[in-house]
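Working notes, structure below.
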Amino acid sequence: MHIIVCIKQIMDPESAASGFRIDESAKKAVVADGTPLVVSPFDAQATEAALRIRDEIGDCKITILSMGPDSAREAIKQCLAMGADEGVLLCDPAFEGADSYSTAFVLAEATRKIGDYDLILTGRQAADTDFGVVGIGIGELLGIPVVTIAKEVLVHGRTVRVERVLQDGFETVETALPAVVTVSNELGEPRYPKLKQLLQAARKRMTVWSAVDLGVDVANVGSTGARLEIEKLFVPERTNRCEFIDGESPQQVAAQLVGRLRELNVL
Amino acid sequence: MSVTGKDSGVVVLTEVEQRKPTRLAYELLSVARQLSKESHGLVCAVMFGSNLQDVAQELIFQGADRVYLADGESLAEYQEDRWLSVLAEVVQEVRPAVVLCGQTSIGSDLAPRLAFRLKTAIATDCENLRIQSGKAMATRSCYGGKARAVVSFRQVPAVATIRPKCQNPLKREPERNGEVIALRVDSISSVARTVRVGRRSEGAGDAGLENAEVVVAGGRGLNGAEGFRLLEELASVLGAALGASRVACDLGWCSTTRQIGLTGKIVTPDLYIAVGISGASQHMAGCGGAKTIVAINTDPNANIFKAARFGVVADFKQVVPFLIEDLRQLRRSEV
């Protein structure tokens with residue numbers, strides 16, 4: 001069995017909001033010094049989902065695929081350290097400025113080139129843009145079924161069984177392989193690599209492909225192939241002022257809070 | 001991309017719950033009506049389910065010019081291949097400038113499929129969609145709610161999913177006229193590549209989160225599931241819905257259907273009481289629309305205090321029992 005996991009390297013979404021800045025003229029978020037670049041959390045969970053399938057069925061190769069700048073090698077290595085087997089980086093200036101459409105296009109072309117896959121896993125959305133479209137797009141472009149927002153992914157023979165998260169509960173969906181499944185945080189914590197695995201990861205195979213290697217028409221990739229254009233990117237102004245409730249005792253604080261809320265007709 | 005060319009009008013996927021269009025369906029129709037003024041076309045709603053002729057009339061009273069009914073046994077429950085076939089067929093017939101879905105379980109799954117099928121642009125979780133200088137433009141949040149982006153669509157139709165509670169439904173006009181078209185569903189492809197084999201609902205109680213006027217929510221600072229017992233009492237005395245941060249749900253302290261945040265529920269209550277919640281951007285994306293936020297947290301530097309109207313820096317276990325007692329007394333004196 002061969003699983004391809006598509007990942008994206010992003011600025012750590014958990015890093016302090018105070019350090020977050022937008023360059024409005026470049027229409028890009030600024031990677032401030034010291035902001036860690038990480039595997040997008042939902043993609044780390046997709047890698048975890050692949051590893052759990054391998055834990056269960058044994059004979060399974062896991063390839064990590066990512067479109068990004070050279071720094072994305074580190075994100076791929078992190079997933080290799082978790083236990084994946086090899087990495088493929090899609091790196092080319094032509095791929096820059098991509099939107100969901102041109103990203104899905106490049107990833108789909110790369111999976112075609114890799115060939116012989118059974119399952120494609122990816123996070124439900126990138127934790128920076130929060131679009132939630134690329135995984136579905138890959139499936140649509142390859143003409144294979146897509147099941148989204150997975151809490152659990154199980155493989156039995158040529159069938160994949162997914163427990164999906166809905167707004168008001170869960171449903172279990174089955175489909176035949178090959179298929180795409182997008183993974184949600186409900187899957188649980190991804191495993192953390194031990195130091196030994198981090199060292200081993202550096203020795204695992206990492207292939208780098210350019211637009212020429214993929215044989216793609218550059219009109220379909222990067223900002224040229226994007227269907228959506230960013231007109232403006234900005235941090236909204238914060239005008240909030242918080243009133244801190246003080247008191248000599250918790251009882252007094254509670255009474256004070258209720259009093260203030262009643263004064264303002266909130267209660 | 002000009003929206004005043006031959007691609008005009010708006011197609012709207014209107015979802016139905018217990019034989020009533022959702023409030024979000026009406027919000028979408030409101031957006032569609034505004035768009036159709038600029039794009040000079042019809043607002044066409046698409047609805048799935050059986051015996052919905054009278055419901056179709058409601059959609060017309062709330063802004064639809066035409067309602068396509070997809071009525072068939074195999075279409076009653078959402079199955080992406082079949083629903084996509086129907087939606088794509090309507091889009092092919094209407095040739096709209098814009099296609100709108102809600103940012104719901106169904107909408108967020110179906111809209112991207114449609115966009116890629118049509119090889120067109122899609123923006124998800126938009127706060128609004130409008131036409132400016134002949135271009136369709138949408139505003140959405142990104143970076144976990146820390147930033148806003150204004151995006152324009154380079155292709156027709158522009159496909160968008162709209163976030164709930166960002167627009168107001170139009171006033172109901174019971175004299176409005178429109179067409180209801182029953183789609184020939186036997187001619188629609190019935191190929192379904194996936195099968196639903198099981199379903200479980202999670203507590204009808206917390207379906208109330210999205211419509212609640214008061215919400216009490218707990219986070220990592222509760223330090224365990226026990227803390228939620230106290231919040232349940234607080235919620236009860238306030239007549240509030242109970243929610244939680246993603247962390248609390250991931251740690252198994254409460255059901256994931258209580259999760260408030262970017263990948264959970266978006267709530268817009270009059271009062272939001274955040275207990276032991278740090279206020280990470282992805283959580284704020286879920287509760288930022290609340291009218292008044294009260295935060296209780298032991299960390300005075302917690303991000304939540306940047307959005308809260310009132311802050312209490314304290315251990316919730318100390319303060320909340322007194323809050324509950326005070327509110328109980330208040331209730332009794334008001335009766």
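A note on labels: chains of the structure tokens are A, B, ... as shown, every chain counts residues from 1, and ligands are counted from 1 in their shown order.
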Report as a PyMOL selection string all protein, DNA and RNA residues lying within 8 Å of region 58-72 of chain A, evaluated on only C-alpha atoms, omitting residues in the same chain fewer than 6 positions from it. chain A and resi 1-9+50-51+79-80+84-92+95-96+103+106-107
Pick out the chain A residues within 8 Å of chain B. Count only C-alpha atoms. Give them as a PyMOL selection string. chain A and resi 13-14+17+20+101+127-133+136-137+140-141+145+148+166-176+185-186+188+227-236+240-246+250-251+253-255+257-258+266
Pairwise distance for CA of Thr268 (chain B) and CA of Ala126 (chain A), rounded to one decimal in Å: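 Between CA of Thr268 (chain B) and CA of Ala126 (chain A) the gap is 24.7 Å.
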In Å and to one decimal, CA of Tyr117 (chain A) is distant from CA of Arg158 (chain A) by 12.0 Å
Which residues come within 8 Å of Ala225 (chain B), counting only C-alpha atoms, excluding same-chain residues fewer than 4 positions away, as a tab-separated table (two decimals) with all heavy atoms, in the first residue's frame?
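This went into out-v4.tsv:
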chain	number	residue	atom	x	y	z
B	229	ARG	N	-18.42	20.74	35.00
B	229	ARG	CA	-19.63	20.57	35.84
B	229	ARG	C	-20.04	21.93	36.39
B	229	ARG	O	-21.22	22.29	36.40
B	229	ARG	CB	-19.35	19.64	37.04
B	229	ARG	CG	-18.87	18.25	36.70
B	229	ARG	CD	-19.95	17.38	36.05
B	229	ARG	NE	-19.94	17.45	34.60
B	229	ARG	CZ	-19.01	16.87	33.85
B	229	ARG	NH1	-18.03	16.17	34.40
B	229	ARG	NH2	-19.06	17.00	32.54
B	252	GLY	N	-10.65	15.71	25.42
B	252	GLY	CA	-11.73	14.80	25.80
B	252	GLY	C	-12.55	15.27	26.99
B	252	GLY	O	-13.29	14.49	27.58
B	253	TRP	N	-12.45	16.56	27.34
B	253	TRP	CA	-13.20	17.06	28.50
B	253	TRP	C	-14.67	17.28	28.19
B	253	TRP	O	-15.48	17.42	29.10
B	253	TRP	CB	-12.58	18.36	29.03
B	253	TRP	CG	-11.18	18.17	29.53
B	253	TRP	CD1	-10.54	16.99	29.80
B	253	TRP	CD2	-10.24	19.20	29.79
B	253	TRP	NE1	-9.26	17.23	30.22
B	253	TRP	CE2	-9.05	18.58	30.24
B	253	TRP	CE3	-10.29	20.61	29.73
B	253	TRP	CZ2	-7.91	19.31	30.59
B	253	TRP	CZ3	-9.16	21.31	30.09
B	253	TRP	CH2	-7.99	20.66	30.51
B	254	CYS	N	-14.98	17.39	26.90
B	254	CYS	CA	-16.39	17.51	26.53
B	254	CYS	C	-16.53	17.14	25.05
B	254	CYS	O	-15.54	16.98	24.35
B	254	CYS	CB	-16.91	18.93	26.76
B	254	CYS	SG	-16.05	20.11	25.76
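Proximity of B:Val12, B:Ala45, B:Ser245, B:Gln62 to Val99 (chain B), computed with only C-alpha atoms, is greatest for B:Val12.
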Pick out each residue of region 55-245 of chain A that DSSP on the backbone tags as strand (DSSP E); I need them as a ChimeraX atom specification. /A:61-67,86-90,119-123,146-156,159-166,169-176,179-183,206-209,228-234,243-244
Atomic separation - CA of Val10 (chain B) relative to CA of Leu29 (chain B), Å: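 Taking CA of Leu29 (chain B) and CA of Val10 (chain B), their separation equals 9.1 Å.
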Write out as a PDB file with C-alpha atoms, in the first residue's frame which residues come within 12 Å of Val43 (chain B) when counting only C-alpha atoms, dropping same-chain ones fewer than 5 positions away.
ATOM      1  CA  SER B   8     -25.467  36.856 -14.814  1.00  0.00           C
ATOM      2  CA  GLY B   9     -27.551  36.129 -11.779  1.00  0.00           C
ATOM      3  CA  VAL B  10     -26.828  34.047  -8.726  1.00  0.00           C
ATOM      4  CA  VAL B  11     -27.400  30.380  -7.885  1.00  0.00           C
ATOM      5  CA  VAL B  12     -27.847  29.705  -4.185  1.00  0.00           C
ATOM      6  CA  LEU B  13     -27.759  26.349  -2.418  1.00  0.00           C
ATOM      7  CA  THR B  14     -30.473  26.725   0.228  1.00  0.00           C
ATOM      8  CA  LEU B  28     -27.565  33.848   1.339  1.00  0.00           C
ATOM      9  CA  LEU B  29     -30.675  34.978  -0.531  1.00  0.00           C
ATOM     10  CA  SER B  30     -30.164  38.458   0.884  1.00  0.00           C
ATOM     11  CA  VAL B  31     -26.582  38.523  -0.438  1.00  0.00           C
ATOM     12  CA  ALA B  32     -27.789  37.121  -3.761  1.00  0.00           C
ATOM     13  CA  ARG B  33     -30.401  39.854  -4.177  1.00  0.00           C
ATOM     14  CA  GLN B  34     -27.777  42.540  -3.658  1.00  0.00           C
ATOM     15  CA  LEU B  35     -25.483  40.841  -6.170  1.00  0.00           C
ATOM     16  CA  SER B  36     -28.228  40.392  -8.747  1.00  0.00           C
ATOM     17  CA  LYS B  37     -28.773  44.153  -8.783  1.00  0.00           C
ATOM     18  CA  GLU B  38     -25.237  44.523 -10.135  1.00  0.00           C
ATOM     19  CA  LEU B  59     -37.688  31.051  -0.486  1.00  0.00           C
ATOM     20  CA  ILE B  60     -39.460  33.213  -3.033  1.00  0.00           C
ATOM     21  CA  GLN B  62     -37.324  35.814   1.028  1.00  0.00           C
ATOM     22  CA  GLY B  63     -35.775  36.834  -2.271  1.00  0.00           C
ATOM     23  CA  ALA B  64     -35.546  33.971  -4.751  1.00  0.00           C
ATOM     24  CA  ASP B  65     -36.871  34.562  -8.285  1.00  0.00           C
ATOM     25  CA  ARG B  66     -36.770  30.899  -9.132  1.00  0.00           C
ATOM     26  CA  VAL B  67     -36.506  27.735  -7.043  1.00  0.00           C
ATOM     27  CA  TYR B  68     -35.164  24.467  -8.437  1.00  0.00           C
ATOM     28  CA  VAL B  91     -25.381  26.126 -13.041  1.00  0.00           C
ATOM     29  CA  VAL B  94     -28.646  29.320 -15.496  1.00  0.00           C
ATOM     30  CA  ARG B  95     -25.078  30.488 -16.358  1.00  0.00           C
ATOM     31  CA  PRO B  96     -24.829  32.606 -13.186  1.00  0.00           C
ATOM     32  CA  ALA B  97     -22.122  35.095 -12.325  1.00  0.00           C
ATOM     33  CA  VAL B  98     -21.971  33.800  -8.752  1.00  0.00           C
ATOM     34  CA  VAL B  99     -22.749  30.557  -6.894  1.00  0.00           C
ATOM     35  CA  LEU B 100     -23.336  30.809  -3.137  1.00  0.00           C
ATOM     36  CA  GLY B 178     -41.460  33.452  -8.560  1.00  0.00           C
ATOM     37  CA  GLU B 179     -41.103  30.208 -10.439  1.00  0.00           C
TER      38      GLU B 179
END
Mind checking DSSP for region 52-247 of chain A and telling me the helix (DSSP H, G or I) residues as a PyMOL selection string? chain A and resi 52-57+72-82+93-95+100-114+134-142+185-187+195-201+211-214+218-220
